[in-house]
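K.L.:
One structure is given below, represented as structure tokens, and several questions about it will come after.
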Number of protein chains: 2
Amino acid sequence: VSDPSTYRLTVSYRGGAYAGWQRQANALAVQEVLEGALEELIGQPVRTVGAGRTDSGVHARGQVASLKLHRTWPTDALLHGTNTHLPEDVRVMAAATAPRGFDARKHAVAKEYRYRFLRGSVLSPLDAPTAVSLPLPVDLDALQRAASRILGRHDFSAFASSGGSHRSPYRRIFEAEWRDDGEELSFRVVGDGFLRGMVRALVGTLLEVGRGRRSEAGLSRLLEGRPREEAGPTAPARGLVLQRVWYPPELW
Amino acid sequence: VSDPSTYRLTVSYRGGAYAGWQRQANALAVQEVLEGALEELIGQPVRTVGAGRTDSGVHARGQVASLKLHRTWPTDALLHGTNTHLPEDVRVMAAATAPRGFDARKHAVAKEYRYRFLRGSVLSPLDAPTAVSLPLPVDLDALQRAASRILGRHDFSAFASSGGSHRSPYRRIFEAEWRDDGEELSFRVVGDGFLRGMVRALVGTLLEVGRGRRSEAGLSRLLEGRPREEAGPTAPARGLVLQRVWYPPELW
């Protein structure tokens, strides 16, 4: 049952100008920009909770933010009104009421990320804001087998950037697959959560397997709680998009 | 036979910051930026000829520019060297030698443009630089039939913006089709040339047919040399991309 003063917003942004989603002291975050726009619309401070933090420079199509207002707002007015106060690189894509107590972070059951490479040594300016060039050949079958090795529940410590604040390094990966259409090579991963920097470290490490520089068995060993330096490099932030967040049906 | 001092560059750009391809007195054009980068690399002024002018704000993936240098340059050095002097929204994607006398504009036999709409009232910031939102429903069959009516050679005066400098208003359209994948609706058109603003006026007018506001017979009448005001509106520049330019095989 929706509570008339509890809302969820679906938020899309280009991350290039932001220090990630999470509000922080010394750098501009998407959350701060969104809360500023909401305050301009509503006339008083608004606090939001985002489903995923997203690192500096990472994009989102389907970030979800929950908030509580002191009175009821028509969702269409909330959507379009907030957008009039947002910069062009942040947009509320949808607004809806949610059940009382809905928390976009705590109640999320899965998140989907996508990472996009384009083949060739020069990246078109039309693709550059949201993709990374892949000048070297990769073995797609090896990439795909490597992706299937990360499925299930593992200790992903080897893929966690320093500075994260996770209580447990265990996460469960539900889906992981590469898609190749010739010009574009992309990676899609769905999991119950991700450590800081984890998707990009996975992408960097899987690519090493795809280039024959790391064995598949070596990848599997990394899933048993190894130090970060044993895994591969962190792929650049601008290729990564938080695509979607899932909630239990009774909350969405 | 290639001439060692005649070159062709394939150029991609986001058009948002530029007054089109063609160098002009009072506004920054892509050609001026490219020629500036070439001059920094080569050490002397370089003049280029572009295949298509592209209007202000229109993007390119496959613009072609021809140029002549006073001495031979390795094409890889020309490609990467020019890119180091270009802003991030303009990139040389490929460089090659060309036959003596090759002229990117005069020798072009066909050009392909694509126009991209995304359904919904809010456009994601990830798509906004290169697409336009389409909030209203359209009849895809009607759009497709309308597209097939523009095939062949016609007097496209009704689709030419003022300020163009064409000698003849006749152009031949080889291919014209809409593609619909649910979220994205796009239009692809290949012709032997396009009058100023013509692709965007075609898109705006075809959409009127797709929304039932203009008859297919009415569209056909526009192809007989009618005034601009009888056709539909000009679709926004940022949805349009010059995708590719074709040349006779002996020149490419």
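Numbering starts fresh at 1 for the residues of each chain in the structure tokens, the chains themselves are lettered A, B, ... in the order given, and ligands are numbered from 1 as they appear.
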Hey, what's within 10 Å of B:Ser168 if we count only C-alpha atoms and toss same-chain stuff fewer than 6 positions away? As a list in words, please?
P.N.:
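Residues near the query, excluding close chain neighbours: Asp155, Phe156, Ser157 and Leu195 of chain B.
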K.L.:
Keeping all heavy atoms for every residue in the selection just given, could you write it to a file as a PDB file, in the first residue's frame?
P.N.:
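Below you can see out_20.pdb, which holds the result:
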ATOM      1  N   ASP B 155      11.768  17.394 -56.583  1.00  0.00           N
ATOM      2  CA  ASP B 155      12.089  18.777 -56.263  1.00  0.00           C
ATOM      3  C   ASP B 155      11.780  18.982 -54.777  1.00  0.00           C
ATOM      4  O   ASP B 155      10.622  19.027 -54.374  1.00  0.00           O
ATOM      5  CB  ASP B 155      11.230  19.707 -57.133  1.00  0.00           C
ATOM      6  CG  ASP B 155      11.472  21.185 -56.815  1.00  0.00           C
ATOM      7  OD1 ASP B 155      12.016  21.501 -55.722  1.00  0.00           O
ATOM      8  OD2 ASP B 155      11.098  22.020 -57.662  1.00  0.00           O
ATOM      9  N   PHE B 156      12.844  19.081 -53.967  1.00  0.00           N
ATOM     10  CA  PHE B 156      12.682  19.145 -52.517  1.00  0.00           C
ATOM     11  C   PHE B 156      12.628  20.583 -51.975  1.00  0.00           C
ATOM     12  O   PHE B 156      12.930  20.807 -50.808  1.00  0.00           O
ATOM     13  CB  PHE B 156      13.795  18.350 -51.825  1.00  0.00           C
ATOM     14  CG  PHE B 156      13.606  16.852 -51.883  1.00  0.00           C
ATOM     15  CD1 PHE B 156      14.285  16.080 -52.815  1.00  0.00           C
ATOM     16  CD2 PHE B 156      12.727  16.221 -51.004  1.00  0.00           C
ATOM     17  CE1 PHE B 156      14.106  14.698 -52.862  1.00  0.00           C
ATOM     18  CE2 PHE B 156      12.540  14.841 -51.054  1.00  0.00           C
ATOM     19  CZ  PHE B 156      13.227  14.081 -51.982  1.00  0.00           C
ATOM     20  N   SER B 157      12.234  21.555 -52.820  1.00  0.00           N
ATOM     21  CA  SER B 157      12.151  22.960 -52.371  1.00  0.00           C
ATOM     22  C   SER B 157      11.362  23.118 -51.077  1.00  0.00           C
ATOM     23  O   SER B 157      11.701  23.952 -50.232  1.00  0.00           O
ATOM     24  CB  SER B 157      11.479  23.824 -53.442  1.00  0.00           C
ATOM     25  OG  SER B 157      12.225  23.799 -54.627  1.00  0.00           O
ATOM     26  N   LEU B 195      19.498  19.260 -49.533  1.00  0.00           N
ATOM     27  CA  LEU B 195      19.446  20.720 -49.415  1.00  0.00           C
ATOM     28  C   LEU B 195      19.625  21.105 -47.951  1.00  0.00           C
ATOM     29  O   LEU B 195      19.499  20.272 -47.051  1.00  0.00           O
ATOM     30  CB  LEU B 195      18.093  21.243 -49.929  1.00  0.00           C
ATOM     31  CG  LEU B 195      17.739  20.816 -51.357  1.00  0.00           C
ATOM     32  CD1 LEU B 195      16.311  21.266 -51.698  1.00  0.00           C
ATOM     33  CD2 LEU B 195      18.733  21.392 -52.357  1.00  0.00           C
TER      34      LEU B 195
END
K.L.:
With a cut-off of 12 Å and counting only C-alpha atoms, select all residues of chain A in contact with chain B and give the selection as number ranges by chain.
P.N.:
A: 10-16, 58-63, 76, 79-80, 82-84, 86-95, 119-131, 238-243
K.L.:
Quick one: distance from atom CA of B:Leu118 to atom CA of B:Gly212 in Å, one decimal?
P.N.:
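According to the coordinates, atom CA of B:Leu118 and atom CA of B:Gly212 are separated by 19.5 Å.
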K.L.:
Quick one: everything within 8 Å of A:Ala51, counting only C-alpha atoms, minus sequence neighbours fewer than 4 positions away in the same chain. Send it as JSON, numbers by chain.
P.N.:
{"A": [63, 64, 65, 104, 105, 106, 108, 245]}
K.L.:
Using backbone DSSP assignments, extract all helix (DSSP H, G or I) residues from stretch 157-205 of chain A; output them as a list in words.
P.N.:
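Assigned to helix (DSSP H, G or I), within stretch 157-205 of chain A: Ser157, Ala158, Phe159, Met198, Val199, Arg200, Ala201, Leu202, Val203, Gly204 and Thr205 of chain A.
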K.L.:
Going by DSSP on the backbone, which residues of stretch 125-246 of chain B come out as strand (DSSP E)? List them as a PyMOL selection string.
P.N.:
chain B and resi 132-134+152-155+170-180+184-191+240-246
K.L.:
Output the selection as a CSV table (one decimal), in the first residue's frame - C-alpha atoms for each residue.
P.N.:
chain,number,residue,atom,x,y,z
B,132,VAL,CA,15.1,13.9,-29.2
B,133,SER,CA,12.2,12.7,-27.0
B,134,LEU,CA,9.0,11.5,-28.7
B,152,GLY,CA,13.5,8.7,-56.1
B,153,ARG,CA,14.2,12.1,-57.7
B,154,HIS,CA,12.1,15.0,-56.6
B,155,ASP,CA,12.1,18.8,-56.3
B,170,TYR,CA,16.3,18.3,-57.2
B,171,ARG,CA,17.8,15.5,-55.2
B,172,ARG,CA,17.6,11.7,-55.5
B,173,ILE,CA,16.8,9.6,-52.4
B,174,PHE,CA,18.1,6.0,-52.6
B,175,GLU,CA,16.9,4.6,-49.2
B,176,ALA,CA,14.6,5.9,-46.5
B,177,GLU,CA,13.3,3.8,-43.6
B,178,TRP,CA,12.2,4.0,-40.0
B,179,ARG,CA,13.4,1.5,-37.4
B,180,ASP,CA,11.5,0.9,-34.2
B,184,GLU,CA,14.0,4.0,-29.9
B,185,LEU,CA,12.5,5.2,-33.2
B,186,SER,CA,15.1,6.1,-35.8
B,187,PHE,CA,15.1,7.3,-39.4
B,188,ARG,CA,17.8,6.4,-41.9
B,189,VAL,CA,18.0,8.2,-45.3
B,190,VAL,CA,20.6,7.8,-48.1
B,191,GLY,CA,20.6,10.3,-51.0
B,240,LEU,CA,20.7,14.2,-36.5
B,241,VAL,CA,24.0,12.5,-37.4
B,242,LEU,CA,25.8,12.5,-40.8
B,243,GLN,CA,26.6,8.8,-40.7
B,244,ARG,CA,28.6,8.0,-43.9
B,245,VAL,CA,29.6,9.4,-47.2
B,246,TRP,CA,30.1,7.2,-50.3
K.L.:
Just the number, please: distance in Å from atom CA of A:Thr72 to atom CA of A:Val46, one decimal.
P.N.:
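Between these atoms lies a distance of 13.6 Å.
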K.L.:
List as a compact mmCIF listing (two decimals) with all heavy atoms, in the first residue's frame the protein and nucleic acid residues near A:Thr75, meaning an atom at most 6 Å away when only C-alpha atoms are counted, but skip any in the same chain fewer than 2 places from it.
P.N.:
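out.txt, freshly written:
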# COMPACT_ATOMS: atom_id res chain seq x y z
N TRP A 73 2.39 15.36 -2.81
CA TRP A 73 2.64 16.06 -4.07
C TRP A 73 2.14 15.20 -5.22
O TRP A 73 2.38 13.98 -5.22
CB TRP A 73 4.14 16.30 -4.27
CG TRP A 73 4.62 17.51 -3.55
CD1 TRP A 73 4.86 17.60 -2.21
CD2 TRP A 73 4.90 18.78 -4.11
NE1 TRP A 73 5.27 18.87 -1.90
CE2 TRP A 73 5.31 19.62 -3.05
CE3 TRP A 73 4.84 19.32 -5.40
CZ2 TRP A 73 5.66 20.95 -3.25
CZ3 TRP A 73 5.20 20.64 -5.59
CH2 TRP A 73 5.59 21.45 -4.54
N ALA A 77 3.88 16.51 -10.93
CA ALA A 77 4.43 17.81 -10.54
C ALA A 77 5.81 17.62 -9.91
O ALA A 77 6.73 18.43 -10.13
CB ALA A 77 3.49 18.51 -9.55
N LEU A 78 5.96 16.54 -9.15
CA LEU A 78 7.25 16.25 -8.54
C LEU A 78 8.30 15.96 -9.63
O LEU A 78 9.42 16.47 -9.59
CB LEU A 78 7.10 15.04 -7.61
CG LEU A 78 8.23 14.74 -6.64
CD1 LEU A 78 8.50 15.89 -5.69
CD2 LEU A 78 7.91 13.46 -5.84
N ALA A 95 8.54 9.31 -11.28
CA ALA A 95 8.26 9.56 -9.86
C ALA A 95 7.00 8.79 -9.50
O ALA A 95 6.06 8.74 -10.30
CB ALA A 95 8.06 11.05 -9.59
N ALA A 96 6.99 8.17 -8.32
CA ALA A 96 5.82 7.41 -7.89
C ALA A 96 5.74 7.43 -6.38
O ALA A 96 6.75 7.66 -5.70
CB ALA A 96 5.91 5.96 -8.39
K.L.:
If you count only C-alpha atoms, which residues fall within 7 Å of B:Pro233, apart from same-chain ones fewer than 2 positions away, as a PyMOL selection string?
P.N.:
chain B and resi 201+204-205+231+235
K.L.:
Output the selection as a JSON list (two decimals), in the first residue's frame - all heavy atoms for each residue.
P.N.:
[["chain", "number", "residue", "atom", "x", "y", "z"],
["B", 201, "ALA", "N", 13.67, 18.70, -42.04],
["B", 201, "ALA", "CA", 12.32, 19.05, -42.51],
["B", 201, "ALA", "C", 11.58, 17.80, -42.95],
["B", 201, "ALA", "O", 10.37, 17.67, -42.73],
["B", 201, "ALA", "CB", 12.41, 20.06, -43.65],
["B", 204, "GLY", "N", 10.45, 16.06, -39.68],
["B", 204, "GLY", "CA", 9.31, 16.76, -39.10],
["B", 204, "GLY", "C", 8.02, 16.53, -39.88],
["B", 204, "GLY", "O", 6.94, 16.40, -39.29],
["B", 205, "THR", "N", 8.15, 16.45, -41.19],
["B", 205, "THR", "CA", 6.96, 16.28, -42.04],
["B", 205, "THR", "C", 6.48, 14.82, -42.02],
["B", 205, "THR", "O", 5.28, 14.55, -41.95],
["B", 205, "THR", "CB", 7.27, 16.75, -43.47],
["B", 205, "THR", "OG1", 7.82, 18.07, -43.42],
["B", 205, "THR", "CG2", 6.01, 16.75, -44.32],
["B", 231, "ALA", "N", 5.39, 22.52, -45.92],
["B", 231, "ALA", "CA", 5.85, 21.28, -45.29],
["B", 231, "ALA", "C", 5.82, 21.43, -43.77],
["B", 231, "ALA", "O", 5.44, 22.49, -43.24],
["B", 231, "ALA", "CB", 7.25, 20.92, -45.78],
["B", 235, "ALA", "N", 12.85, 19.30, -37.51],
["B", 235, "ALA", "CA", 13.17, 18.57, -36.27],
["B", 235, "ALA", "C", 14.48, 19.12, -35.69],
["B", 235, "ALA", "O", 15.35, 19.58, -36.43],
["B", 235, "ALA", "CB", 13.28, 17.08, -36.57]]
